[in-house]
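*Asks:* Following this message is one structure expressed as structure tokens.
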Amino acid sequence: MAVRVQTEDFNVAAEVEALTAGRTDIGAIVTFTGRVRSNEGQLAAMTLEHYPGMTEAELSRIEAEARERWPLQASLIVHRVGELVPGDDIVLVVTASAHRQAAFEAAGFLMDYLKTRAPFWKKEVSAAGDSVWVEAREGDESAAKRWS
Amino acid sequence: MKLLYFAWVREKVGRGAEEIELPADVATVADVIGWLKTRGPEFDAAFARPELVRAAIDKVHVKASAAVAGAREIAFFPPVTGG
């Protein structure tokens with residue numbers, strides 16, 4: 001169980017290998033990778049800001065909640081910050097369990113809660129050069145509520 | 001006490017962090033916002049619509065009604081948009 005905030009990219013296969021090496025009790029691994037979309041060429045870049053210290057604490061709280069709800073053998077959240085361009089990875093969630101249902105559900109829960117609780121903010125730069133802070137989506141809030 | 005500002009709240013107030021001493025009658029997060037708004041037009045602009053601003057005390061999300069007594073650090077920021 002681990003959370004990381006970093007500027008550098010991550011390698012999904014290497015992260016899964018490191019998380020599950022030597023384990024023989026894991027029957028299901030789910031990975032979710034979130035990426036920067038160009039939005040049909042309208043987005044040139046984005047900057048991700050966060051609240052150092054609170055981000056890690058909040059991600060750990062979310063992860064602990066997932067492990068209370070589902071029998072997870074291992075879990076990992078990696079979130080990038082700084083300058084990103086379309087095609088770049090933003091976030092990785094890995095959940096490992098004995099059976100698939102817990103791994104699938106826990107991964108969905110971690111992403112839904114991360115999006116509504118973890119203190120990250122995106123600022124987008126359009127192809128025309130304008131920059132604007134992304135507004136929170138009501139859909140993310142209702143996605144998180146389905147777990148309560 | 002340390003105040004922190006993030007994203008567009010930080011841009012509007014023109015700083016990311018500051019050390020302040022709160023007046024004795026400032027009891028809640030909402031009171032802090034009300035007091036900040038008296039400090040200048042940049043704070044008035046940042047907190048013009050306080051319902052758009054979220055807060056954390058010592059790195060834990062709190063509501064506007066939360067008491068600030070004993071807080072080491074209060075942060076103000078927009079609704080989060082990570083993931």
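How things are named: the first chain in the structure tokens is A, the next is B, and so on; residues count from 1 in each chain; ligands count from 1 in the order shown.
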Identify all chain A residues at most 8 Å from chain B by counting only C-alpha atoms; ligands do not count. Present them as a PyMOL selection string.
*Replies:* chain A and resi 34+48-51+53-54+57-58+79+90-91+111+114-122+133-136
*Asks:* Can you spit out the residues from that selection as an mmCIF file, in the first residue's frame, using N, CA and C atoms?
*Replies:*
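Output saved as out17.cif:
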data_model
loop_
_atom_site.group_PDB
_atom_site.id
_atom_site.type_symbol
_atom_site.label_atom_id
_atom_site.label_comp_id
_atom_site.auth_asym_id
_atom_site.auth_seq_id
_atom_site.Cartn_x
_atom_site.Cartn_y
_atom_site.Cartn_z
ATOM 1 N N GLY A 34 -4.861 7.343 -16.048
ATOM 2 C CA GLY A 34 -5.511 8.549 -16.563
ATOM 3 C C GLY A 34 -4.496 9.350 -17.359
ATOM 4 N N LEU A 48 -0.339 20.858 -13.406
ATOM 5 C CA LEU A 48 -0.997 20.307 -12.227
ATOM 6 C C LEU A 48 -0.316 20.825 -10.972
ATOM 7 N N GLU A 49 -1.105 21.530 -10.162
ATOM 8 C CA GLU A 49 -0.621 22.051 -8.884
ATOM 9 C C GLU A 49 -1.189 21.168 -7.775
ATOM 10 N N HIS A 50 -0.489 21.082 -6.654
ATOM 11 C CA HIS A 50 -1.055 20.333 -5.532
ATOM 12 C C HIS A 50 -0.631 20.960 -4.210
ATOM 13 N N TYR A 51 -1.137 20.400 -3.135
ATOM 14 C CA TYR A 51 -0.879 20.895 -1.783
ATOM 15 C C TYR A 51 0.054 19.880 -1.121
ATOM 16 N N GLY A 53 2.070 17.565 1.098
ATOM 17 C CA GLY A 53 1.780 17.155 2.471
ATOM 18 C C GLY A 53 0.326 16.748 2.616
ATOM 19 N N MET A 54 -0.595 17.643 2.263
ATOM 20 C CA MET A 54 -2.009 17.255 2.342
ATOM 21 C C MET A 54 -2.338 16.240 1.245
ATOM 22 N N ALA A 57 -1.330 12.884 2.408
ATOM 23 C CA ALA A 57 -2.174 12.495 3.540
ATOM 24 C C ALA A 57 -3.570 12.101 3.063
ATOM 25 N N GLU A 58 -4.124 12.883 2.140
ATOM 26 C CA GLU A 58 -5.477 12.615 1.656
ATOM 27 C C GLU A 58 -5.502 11.323 0.832
ATOM 28 N N HIS A 79 0.400 9.876 -8.694
ATOM 29 C CA HIS A 79 -0.179 11.034 -9.387
ATOM 30 C C HIS A 79 0.929 11.984 -9.770
ATOM 31 N N ILE A 90 -1.227 10.946 -16.339
ATOM 32 C CA ILE A 90 -1.455 11.803 -15.165
ATOM 33 C C ILE A 90 -1.470 10.969 -13.890
ATOM 34 N N VAL A 91 -2.256 9.904 -13.914
ATOM 35 C CA VAL A 91 -2.509 9.175 -12.663
ATOM 36 C C VAL A 91 -2.528 7.671 -12.914
ATOM 37 N N MET A 111 -10.411 6.071 -7.714
ATOM 38 C CA MET A 111 -10.421 7.174 -8.682
ATOM 39 C C MET A 111 -11.527 8.183 -8.371
ATOM 40 N N LEU A 114 -10.442 10.100 -5.282
ATOM 41 C CA LEU A 114 -9.281 10.944 -5.601
ATOM 42 C C LEU A 114 -9.731 12.224 -6.315
ATOM 43 N N LYS A 115 -10.656 12.054 -7.268
ATOM 44 C CA LYS A 115 -11.066 13.208 -8.073
ATOM 45 C C LYS A 115 -11.849 14.248 -7.278
ATOM 46 N N THR A 116 -12.467 13.845 -6.182
ATOM 47 C CA THR A 116 -13.269 14.803 -5.424
ATOM 48 C C THR A 116 -12.609 15.231 -4.113
ATOM 49 N N ARG A 117 -11.523 14.565 -3.704
ATOM 50 C CA ARG A 117 -10.924 14.868 -2.401
ATOM 51 C C ARG A 117 -9.443 15.249 -2.436
ATOM 52 N N ALA A 118 -8.675 14.639 -3.336
ATOM 53 C CA ALA A 118 -7.224 14.894 -3.307
ATOM 54 C C ALA A 118 -6.939 16.307 -3.835
ATOM 55 N N PRO A 119 -6.132 17.085 -3.088
ATOM 56 C CA PRO A 119 -5.937 18.493 -3.460
ATOM 57 C C PRO A 119 -4.976 18.703 -4.636
ATOM 58 N N PHE A 120 -5.508 18.437 -5.839
ATOM 59 C CA PHE A 120 -4.820 18.731 -7.096
ATOM 60 C C PHE A 120 -5.676 19.729 -7.862
ATOM 61 N N TRP A 121 -5.018 20.594 -8.632
ATOM 62 C CA TRP A 121 -5.740 21.545 -9.493
ATOM 63 C C TRP A 121 -5.072 21.595 -10.847
ATOM 64 N N LYS A 122 -5.916 21.539 -11.896
ATOM 65 C CA LYS A 122 -5.405 21.581 -13.275
ATOM 66 C C LYS A 122 -5.612 22.963 -13.878
ATOM 67 N N TRP A 133 -8.133 27.819 -15.325
ATOM 68 C CA TRP A 133 -8.246 26.764 -14.309
ATOM 69 C C TRP A 133 -9.448 25.887 -14.624
ATOM 70 N N VAL A 134 -9.259 24.599 -14.573
ATOM 71 C CA VAL A 134 -10.347 23.660 -14.830
ATOM 72 C C VAL A 134 -11.345 23.750 -13.683
ATOM 73 N N GLU A 135 -12.635 23.747 -14.022
ATOM 74 C CA GLU A 135 -13.663 23.769 -12.976
ATOM 75 C C GLU A 135 -14.058 22.349 -12.601
ATOM 76 N N ALA A 136 -14.376 22.171 -11.332
ATOM 77 C CA ALA A 136 -14.809 20.859 -10.855
ATOM 78 C C ALA A 136 -16.108 20.472 -11.551
#
*Asks:* Taking only region 15-83 of chain B into account, list the residues labelled strand (DSSP E or B) by DSSP (computed from the backbone), as an NGL selection string.
*Replies:* :B and (17-19 or 28 or 54-57 or 60-62 or 67 or 73-77)
*Asks:* Those residues with C-alpha atoms, as an mmCIF file, in the first residue's frame please?
*Replies:*
data_model
loop_
_atom_site.group_PDB
_atom_site.id
_atom_site.type_symbol
_atom_site.label_atom_id
_atom_site.label_comp_id
_atom_site.auth_asym_id
_atom_site.auth_seq_id
_atom_site.Cartn_x
_atom_site.Cartn_y
_atom_site.Cartn_z
ATOM 1 C CA ALA B 17 1.583 31.482 1.864
ATOM 2 C CA GLU B 18 1.839 33.938 4.728
ATOM 3 C CA GLU B 19 2.153 34.046 8.500
ATOM 4 C CA THR B 28 -14.465 29.745 12.327
ATOM 5 C CA ARG B 54 -12.800 25.144 -0.054
ATOM 6 C CA ALA B 55 -10.690 25.023 3.105
ATOM 7 C CA ALA B 56 -8.443 22.650 5.019
ATOM 8 C CA ILE B 57 -7.147 22.901 8.579
ATOM 9 C CA VAL B 60 -7.697 17.945 6.507
ATOM 10 C CA HIS B 61 -10.779 19.135 4.564
ATOM 11 C CA VAL B 62 -13.159 21.193 6.727
ATOM 12 C CA ALA B 67 -13.479 26.105 14.474
ATOM 13 C CA GLU B 73 -2.195 25.917 9.095
ATOM 14 C CA ILE B 74 -5.335 26.920 7.180
ATOM 15 C CA ALA B 75 -5.468 26.486 3.409
ATOM 16 C CA PHE B 76 -7.922 27.995 0.906
ATOM 17 C CA PHE B 77 -8.422 26.599 -2.586
#
*Asks:* If DSSP is run on the backbone, what residues of chain A are helix (DSSP H, G or I)? A reply as JSON, numbers by chain would be ideal.
*Replies:* {"A": [12, 13, 14, 15, 16, 17, 18, 19, 20, 54, 55, 56, 57, 58, 59, 60, 61, 62, 63, 64, 65, 66, 67, 68, 69, 100, 101, 102, 103, 104, 105, 106, 107, 108, 109, 110, 111, 112, 113, 114, 115, 116, 117, 138, 139, 140, 141, 142, 143, 144, 145]}
*Asks:* Can those selected residues be exported to a file as a short mmCIF file (atom, residue, chain, number, x, y, z; two decimals), in the first residue's frame so that it contains C-alpha atoms?
*Replies:*
data_model
loop_
_atom_site.label_atom_id
_atom_site.label_comp_id
_atom_site.auth_asym_id
_atom_site.auth_seq_id
_atom_site.Cartn_x
_atom_site.Cartn_y
_atom_site.Cartn_z
CA VAL A 12 2.69 0.65 -15.45
CA ALA A 13 4.33 -2.76 -15.92
CA ALA A 14 7.24 -1.90 -13.63
CA GLU A 15 4.88 -0.56 -10.94
CA VAL A 16 2.73 -3.71 -11.04
CA GLU A 17 5.82 -5.91 -10.88
CA ALA A 18 7.22 -4.01 -7.90
CA LEU A 19 3.87 -4.05 -6.10
CA THR A 20 3.19 -7.76 -6.50
CA MET A 54 -2.01 17.25 2.34
CA THR A 55 -2.05 15.47 -1.02
CA GLU A 56 -0.12 12.51 0.32
CA ALA A 57 -2.17 12.49 3.54
CA GLU A 58 -5.48 12.61 1.66
CA LEU A 59 -4.44 9.90 -0.81
CA SER A 60 -3.40 7.71 2.13
CA ARG A 61 -6.78 8.30 3.82
CA ILE A 62 -8.59 7.35 0.59
CA GLU A 63 -6.45 4.26 0.18
CA ALA A 64 -7.04 3.21 3.81
CA GLU A 65 -10.79 3.59 3.26
CA ALA A 66 -10.62 1.33 0.19
CA ARG A 67 -8.75 -1.30 2.18
CA GLU A 68 -11.44 -1.21 4.86
CA ARG A 69 -14.14 -1.79 2.28
CA ARG A 100 -11.58 -9.61 -9.60
CA GLN A 101 -14.67 -7.97 -8.12
CA ALA A 102 -12.84 -6.39 -5.18
CA ALA A 103 -10.01 -5.20 -7.44
CA PHE A 104 -12.39 -3.66 -10.02
CA GLU A 105 -14.58 -1.95 -7.43
CA ALA A 106 -11.71 -0.66 -5.32
CA ALA A 107 -10.01 0.86 -8.37
CA GLY A 108 -13.23 2.70 -9.28
CA PHE A 109 -13.67 3.88 -5.72
CA LEU A 110 -10.07 5.15 -5.49
CA MET A 111 -10.42 7.17 -8.68
CA ASP A 112 -13.84 8.60 -7.75
CA TYR A 113 -12.62 9.67 -4.31
CA LEU A 114 -9.28 10.94 -5.60
CA LYS A 115 -11.07 13.21 -8.07
CA THR A 116 -13.27 14.80 -5.42
CA ARG A 117 -10.92 14.87 -2.40
CA GLU A 138 -20.73 17.83 -10.88
CA GLY A 139 -20.42 14.38 -12.50
CA ASP A 140 -17.31 13.64 -10.42
CA GLU A 141 -19.21 14.51 -7.23
CA SER A 142 -22.12 12.22 -8.10
CA ALA A 143 -19.70 9.42 -9.10
CA ALA A 144 -18.12 9.62 -5.65
CA LYS A 145 -21.53 9.63 -3.94
#
*Asks:* I'd like the neighbourhood of Trp35 (chain B) as a PyMOL selection string, where a residue qualifies if any of its atoms comes within 9 Å (using only C-alpha atoms), though same-chain residues fewer than 5 positions away should be ignored.
*Replies:* chain B and resi 22-23+26+30
*Asks:* Just how far from CA of Thr31 (chain A) is CA of Val81 (chain A), in Å to one decimal?
*Replies:*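 CA of Thr31 (chain A) lies 19.5 Å from CA of Val81 (chain A).
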*Asks:* Let me make sure I understand: among A:Val132, A:Val93, A:Ala2, A:Val85, which one has the smallest atom-to-atom distance to Asn39 (chain A) if we use only C-alpha atoms?
*Replies:*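 For Asn39 (chain A), the nearest of the given residues is A:Val85.
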*Asks:* Rounded to one decimal in Å, what is the spacing between CA of Ala69 (chain B) and CA of Val9 (chain B)?
*Replies:*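 A separation of 22.9 Å between them.
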*Asks:* Please compute the CA of Ser75 (chain A)-CA of Val5 (chain A) distance, one decimal, in Å.
*Replies:*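 Computed distance, CA of Ser75 (chain A) to CA of Val5 (chain A), equals 14.8 Å.
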*Asks:* Which residue gives the smallest distance to Ser126 (chain A) among A:Arg146, A:Arg23, A:Arg37, A:Arg80, with only C-alpha atoms counted?
*Replies:*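 Answer, going by the shortest atom-to-atom distance: A:Arg37.
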